[in-house]
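This is structure_35.txt (compact mmCIF, C-alpha atoms).
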# COMPACT_ATOMS: atom_id res chain seq x y z
CA MET A 1 5.73 -26.79 -20.06
CA LYS A 2 3.50 -27.83 -17.14
CA LYS A 3 -0.16 -28.21 -18.06
CA LEU A 4 -2.45 -26.08 -15.92
CA THR A 5 -5.26 -27.71 -13.96
CA LYS A 6 -8.84 -26.46 -14.26
CA LYS A 7 -8.48 -24.58 -10.95
CA GLU A 8 -5.13 -23.03 -12.00
CA LYS A 9 -6.66 -21.86 -15.30
CA LYS A 10 -9.56 -20.24 -13.43
CA VAL A 11 -7.17 -18.50 -11.00
CA PHE A 12 -5.00 -17.32 -13.93
CA ILE A 13 -8.00 -15.83 -15.77
CA ILE A 14 -9.29 -14.03 -12.65
CA ARG A 15 -5.77 -12.72 -11.91
CA MET A 16 -5.44 -11.38 -15.49
CA ILE A 17 -8.83 -9.63 -15.17
CA ILE A 18 -7.73 -8.04 -11.87
CA ILE A 19 -4.42 -6.85 -13.42
CA PHE A 20 -6.27 -5.47 -16.48
CA LEU A 21 -8.75 -3.58 -14.27
CA ALA A 22 -5.87 -2.28 -12.13
CA ILE A 23 -4.10 -0.95 -15.26
CA LEU A 24 -7.35 0.74 -16.36
CA PHE A 25 -7.73 2.24 -12.89
CA ILE A 26 -4.14 3.60 -12.82
CA THR A 27 -4.59 5.02 -16.35
CA TYR A 28 -7.86 6.69 -15.35
CA VAL A 29 -6.37 8.22 -12.18
CA THR A 30 -3.33 9.47 -14.16
CA ILE A 31 -5.54 11.14 -16.80
CA LYS A 32 -7.67 12.74 -14.08
CA ALA A 33 -4.57 13.92 -12.20
CA LEU A 34 -2.98 15.72 -15.18
CA PRO A 35 -5.32 18.79 -15.07
CA ILE A 36 -4.81 18.99 -11.30
CA ILE A 37 -1.01 18.96 -11.68
CA SER A 38 -1.20 21.65 -14.39
CA LYS A 39 -3.13 23.87 -11.94
CA ILE A 40 -0.63 23.27 -9.15
CA VAL A 41 2.40 24.05 -11.32
CA ASN A 42 0.92 27.43 -12.21
CA GLU A 43 1.04 29.76 -9.21
CA GLU A 44 -1.92 31.78 -10.51
CA THR A 45 -4.26 28.79 -10.68
CA ARG A 46 -3.16 27.22 -7.37
CA GLY A 47 -5.87 29.15 -5.50
CA GLU A 48 -8.43 27.83 -7.97
CA PHE A 49 -7.26 24.28 -7.16
CA GLU A 50 -7.73 24.85 -3.42
CA GLN A 51 -11.26 26.12 -4.07
CA ASP A 52 -12.03 23.03 -6.15
CA ILE A 53 -11.06 20.83 -3.18
CA LYS A 54 -13.29 22.81 -0.81
CA ASN A 55 -16.20 22.48 -3.25
CA MET A 56 -15.84 18.67 -3.28
CA GLY A 57 -16.66 18.55 0.45
CA ILE A 58 -17.43 15.15 2.01
CA LYS A 59 -17.77 13.57 -1.44
CA GLY A 60 -14.06 14.10 -2.07
CA VAL A 61 -13.16 12.60 1.32
CA ILE A 62 -15.28 9.49 0.67
CA ILE A 63 -13.81 9.00 -2.83
CA THR A 64 -10.23 9.37 -1.55
CA LEU A 65 -10.90 7.00 1.35
CA GLY A 66 -12.54 4.47 -0.98
CA LEU A 67 -9.59 4.55 -3.38
CA GLN A 68 -7.17 4.00 -0.48
CA ILE A 69 -9.15 0.96 0.69
CA LEU A 70 -9.27 -0.37 -2.88
CA GLN A 71 -5.49 0.02 -3.22
CA ILE A 72 -4.96 -2.19 -0.16
CA ILE A 73 -7.41 -4.86 -1.33
CA VAL A 74 -6.14 -5.02 -4.92
CA ALA A 75 -2.47 -5.74 -4.23
CA VAL A 76 -1.27 -4.92 -7.77
CA ILE A 77 -2.21 -1.22 -7.39
CA PRO A 78 0.81 0.73 -6.03
CA GLY A 79 0.19 2.61 -2.78
CA GLN A 80 2.54 5.59 -3.07
CA PRO A 81 0.60 7.50 -5.80
CA MET A 82 -2.59 7.33 -3.72
CA GLU A 83 -0.72 8.62 -0.65
CA ILE A 84 0.77 11.51 -2.65
CA ILE A 85 -2.69 12.40 -4.00
CA SER A 86 -4.10 12.37 -0.42
CA GLY A 87 -1.39 14.79 0.72
CA LEU A 88 -1.93 16.91 -2.37
CA LEU A 89 -5.68 17.17 -1.75
CA TYR A 90 -5.91 17.34 2.05
CA GLY A 91 -2.49 18.38 3.34
CA THR A 92 -0.04 16.40 5.43
CA TRP A 93 -2.18 15.67 8.50
CA GLY A 94 -5.55 15.40 6.75
CA GLY A 95 -4.03 13.19 4.07
CA MET A 96 -2.29 11.00 6.66
CA LEU A 97 -5.49 10.56 8.65
CA LEU A 98 -7.43 9.56 5.53
CA CYS A 99 -4.70 7.13 4.46
CA LEU A 100 -4.42 5.53 7.91
CA VAL A 101 -8.19 5.02 8.14
CA GLY A 102 -8.21 3.55 4.61
CA ILE A 103 -5.22 1.33 5.39
CA PHE A 104 -6.83 0.07 8.61
CA ILE A 105 -10.15 -0.75 6.91
CA GLY A 106 -8.54 -2.24 3.78
CA THR A 107 -6.12 -4.34 5.83
CA GLY A 108 -8.96 -5.61 8.02
CA ILE A 109 -11.02 -6.63 4.97
CA VAL A 110 -8.09 -8.49 3.35
CA PHE A 111 -6.98 -10.12 6.62
CA PHE A 112 -10.40 -11.49 7.59
CA PHE A 113 -11.30 -12.51 4.02
CA THR A 114 -8.02 -14.43 3.81
CA ARG A 115 -8.51 -16.02 7.22
CA LYS A 116 -12.05 -17.07 6.26
CA ILE A 117 -11.45 -18.23 2.66
CA GLY A 118 -7.79 -19.26 2.85
CA MET A 119 -5.32 -19.92 0.03
CA SER A 120 -7.94 -19.77 -2.75
CA PHE A 121 -8.32 -16.01 -2.04
CA VAL A 122 -4.55 -15.41 -1.71
CA GLU A 123 -3.88 -17.13 -5.06
CA LEU A 124 -5.92 -14.48 -6.88
CA PHE A 125 -3.11 -11.98 -6.22
CA PHE A 126 0.04 -14.02 -5.53
CA ASP A 127 1.61 -17.20 -6.90
CA LYS A 128 0.93 -20.24 -4.74
CA GLU A 129 4.62 -21.16 -4.82
CA GLN A 130 5.59 -17.72 -3.50
CA ILE A 131 3.24 -18.11 -0.52
CA GLU A 132 4.18 -21.75 0.10
CA ASN A 133 7.88 -20.79 0.24
CA PHE A 134 7.08 -18.17 2.87
CA LYS A 135 5.02 -20.68 4.89
CA LYS A 136 8.00 -23.04 4.99
CA LYS A 137 10.15 -20.48 6.79
CA ARG A 138 10.71 -21.15 10.48
CA ILE A 139 9.57 -17.64 11.39
CA PHE A 140 6.07 -18.37 9.99
CA LYS A 141 5.36 -20.84 12.80
CA ASN A 142 6.25 -18.40 15.59
CA PRO A 143 3.55 -15.67 15.88
CA LYS A 144 5.63 -13.27 18.01
CA LYS A 145 8.68 -13.42 15.73
CA LEU A 146 6.45 -13.15 12.64
CA GLU A 147 4.73 -10.07 14.07
CA LEU A 148 8.11 -8.44 14.81
CA PHE A 149 9.39 -9.26 11.32
CA MET A 150 6.23 -7.89 9.68
CA PHE A 151 6.39 -4.69 11.73
CA ILE A 152 9.96 -4.07 10.51
CA MET A 153 8.89 -4.78 6.91
CA PHE A 154 5.98 -2.33 7.20
CA VAL A 155 8.32 0.39 8.52
CA ILE A 156 10.81 0.06 5.62
CA PRO A 157 9.77 2.21 2.60
CA LEU A 158 9.37 0.73 -0.91
CA ILE A 159 9.19 -2.89 0.27
CA PRO A 160 5.92 -4.40 -1.08
CA LYS A 161 3.71 -4.68 2.00
CA ASP A 162 0.43 -6.07 0.69
CA ILE A 163 1.77 -9.64 0.51
CA PHE A 164 2.27 -9.58 4.29
CA ILE A 165 -1.43 -8.82 4.83
CA TYR A 166 -2.39 -11.94 2.88
CA VAL A 167 0.33 -14.01 4.57
CA ALA A 168 -0.87 -12.81 7.99
CA GLY A 169 -4.39 -13.99 7.17
CA ILE A 170 -3.21 -17.60 6.79
CA SER A 171 -0.75 -17.40 9.69
CA PRO A 172 -1.31 -17.81 13.47
CA VAL A 173 -0.78 -14.08 14.23
CA ASN A 174 -3.28 -12.31 16.48
CA PRO A 175 -5.76 -10.22 14.38
CA LYS A 176 -5.88 -7.19 16.71
CA ARG A 177 -2.09 -7.02 17.09
CA PHE A 178 -1.57 -7.41 13.36
CA LEU A 179 -3.99 -4.58 12.51
CA ILE A 180 -2.14 -2.29 14.94
CA ILE A 181 1.28 -3.41 13.63
CA SER A 182 0.35 -2.99 9.95
CA THR A 183 -1.15 0.48 10.53
CA ILE A 184 1.46 1.98 12.89
CA GLY A 185 4.36 0.42 10.96
CA ARG A 186 3.39 2.32 7.80
CA ILE A 187 3.46 5.77 9.46
CA PRO A 188 7.13 6.76 8.74
CA GLY A 189 6.95 5.96 5.01
CA LEU A 190 3.39 7.27 4.79
CA PHE A 191 4.43 10.60 6.31
CA LEU A 192 7.12 11.06 3.64
CA THR A 193 4.79 10.35 0.71
CA VAL A 194 1.85 12.36 2.06
CA TYR A 195 4.15 15.28 2.93
CA ALA A 196 5.57 15.04 -0.60
CA GLY A 197 2.02 15.43 -1.94
CA ASN A 198 1.46 18.43 0.32
CA THR A 199 4.67 20.13 -0.86
CA LEU A 200 3.54 19.51 -4.45
CA SER A 201 0.28 21.35 -3.76
CA GLU A 202 2.28 24.27 -2.35
CA GLY A 203 4.65 24.35 -5.33
CA ASN A 204 7.76 23.42 -3.27
CA PHE A 205 9.30 21.28 -5.98
CA MET A 206 12.83 21.39 -4.50
CA ILE A 207 11.59 19.92 -1.20
CA LEU A 208 9.55 17.39 -3.18
CA ALA A 209 12.67 16.25 -5.07
CA LEU A 210 14.63 15.93 -1.80
CA LEU A 211 11.81 13.88 -0.23
CA VAL A 212 11.71 11.51 -3.23
CA ILE A 213 15.50 11.01 -3.00
CA LEU A 214 15.25 10.42 0.76
CA PHE A 215 12.40 7.92 0.24
CA ILE A 216 14.38 5.99 -2.39
CA LEU A 217 17.55 5.92 -0.26
CA ALA A 218 15.57 4.70 2.76
CA GLY A 219 14.03 1.99 0.57
CA ILE A 220 17.42 0.83 -0.77
CA PHE A 221 18.84 0.73 2.76
CA GLY A 222 15.73 -1.15 3.90
CA TYR A 223 16.11 -3.81 1.21
CA LYS A 224 19.68 -4.41 2.33
CA ILE A 225 18.77 -4.91 5.98
CA SER A 226 15.55 -6.92 5.43
CA ASP A 227 17.32 -10.25 4.82
CA LYS A 228 19.65 -9.71 7.77
CA THR A 229 16.65 -8.88 9.96
CA GLU A 230 14.87 -12.13 9.07
CA LYS A 231 18.02 -14.19 9.79
CA LYS A 232 18.57 -12.47 13.14
CA ILE A 233 14.98 -12.98 14.26
CA ASN A 234 15.18 -16.66 13.26
CA GLU A 235 18.41 -17.10 15.24
CA ASN A 236 16.90 -15.82 18.51

For this file, produce the structure as structure tokens.
Amino acid sequence: MKKLTKKEKKVFIIRMIIIFLAILFITYVTIKALPIISKIVNEETRGEFEQDIKNMGIKGVIITLGLQILQIIVAVIPGQPMEIISGLLYGTWGGMLLCLVGIFIGTGIVFFFTRKIGMSFVELFFDKEQIENFKKKRIFKNPKKLELFMFIMFVIPLIPKDIFIYVAGISPVNPKRFLIISTIGRIPGLFLTVYAGNTLSEGNFMILALLVILFILAGIFGYKISDKTEKKINEN
């Protein structure tokens, strides 16, 4: 077994702390969400839930926005639950707006931190070998092709997207274009998850189930075409 260097040990410890805190965060959000779900399931208490949201006011908006930004920064936290919660709390369009603002801010923070600090920041969340393998690809050295490839990856549901934000930070892509690409590209998948949250708040569980199936099928199809897409872009 390869002996870790002092730097690798430090990175490993920090990464474990981040994962542990992420697990605590997910557990906390799940526990907090259970009473909300119980209110939504019961038609009689659904009105009470809506009143609770109104009473939260701007505080609720700031908390939801902050959690969305945190989810982007801490790559190990899954994004879909936060998007569903946003739709559940603020409806399809309100939830989408909050998510898009959070995604834009979070992506900007990660991108510019990565561009400023470099690989030492990326290694806190991803294996160095994983990033180095990506950097060796021909597409990495062509900003326009890389931007096109990333846009397609952001559009496809279920594909882990946070790694591309970190990769973009150490790549030659244009910051403004990347922020637009990474925000707009998420809209199709984001709409499905936020709308799913909204249907949950309205008690439309049949529509919710259909949306989940549609999301999974789109993700499976996306995984199948992602490799072909990269090869085609590299060929041109």

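Minimum distance to Asn204 of chain A across A:Leu88, A:Ile216, A:Ile77, A:Leu158 (counting all atoms listed in the file) occurs at A:Leu88.
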
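One distance worth recording is that between atom CA of Ile62 of chain A and atom CA of Pro160 of chain A, which is 25.4 Å.
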
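Between atom CA of Gly106 of chain A and atom CA of Met153 of chain A the interatomic distance comes to 17.9 Å.
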
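Nearest to Phe125 of chain A of all the residues A:Ile152, A:Leu24, A:Ile73, A:Val101 is A:Ile73, counting all atoms listed in the file.
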
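For the choices A:Ile103, A:Leu97, A:Ile207, A:Met82, the atom-to-atom distance to Leu179 of chain A is smallest for A:Ile103 when using all atoms listed in the file.
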
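As for atom CA of Arg186 of chain A and atom CA of Phe154 of chain A, they are spaced 5.4 Å apart.
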
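Using all atoms listed in the file for every distance, the candidate list A:Asn174, A:Gln71, A:Ser86, A:Asn133 yields A:Ser86 as the residue closest to Leu200 of chain A.
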
* Structure fact -> Nearest to Asn198 of chain A, restricted to all atoms listed in the file and choosing among A:Gly60, A:Gly118, A:Gly169, A:Gly94, comes out as A:Gly94

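Proximity to Ser171 of chain A was assessed for A:Ile63, A:Leu192, A:Met119, A:Ala209 counting all atoms listed in the file; the smallest distance is recorded for A:Met119.
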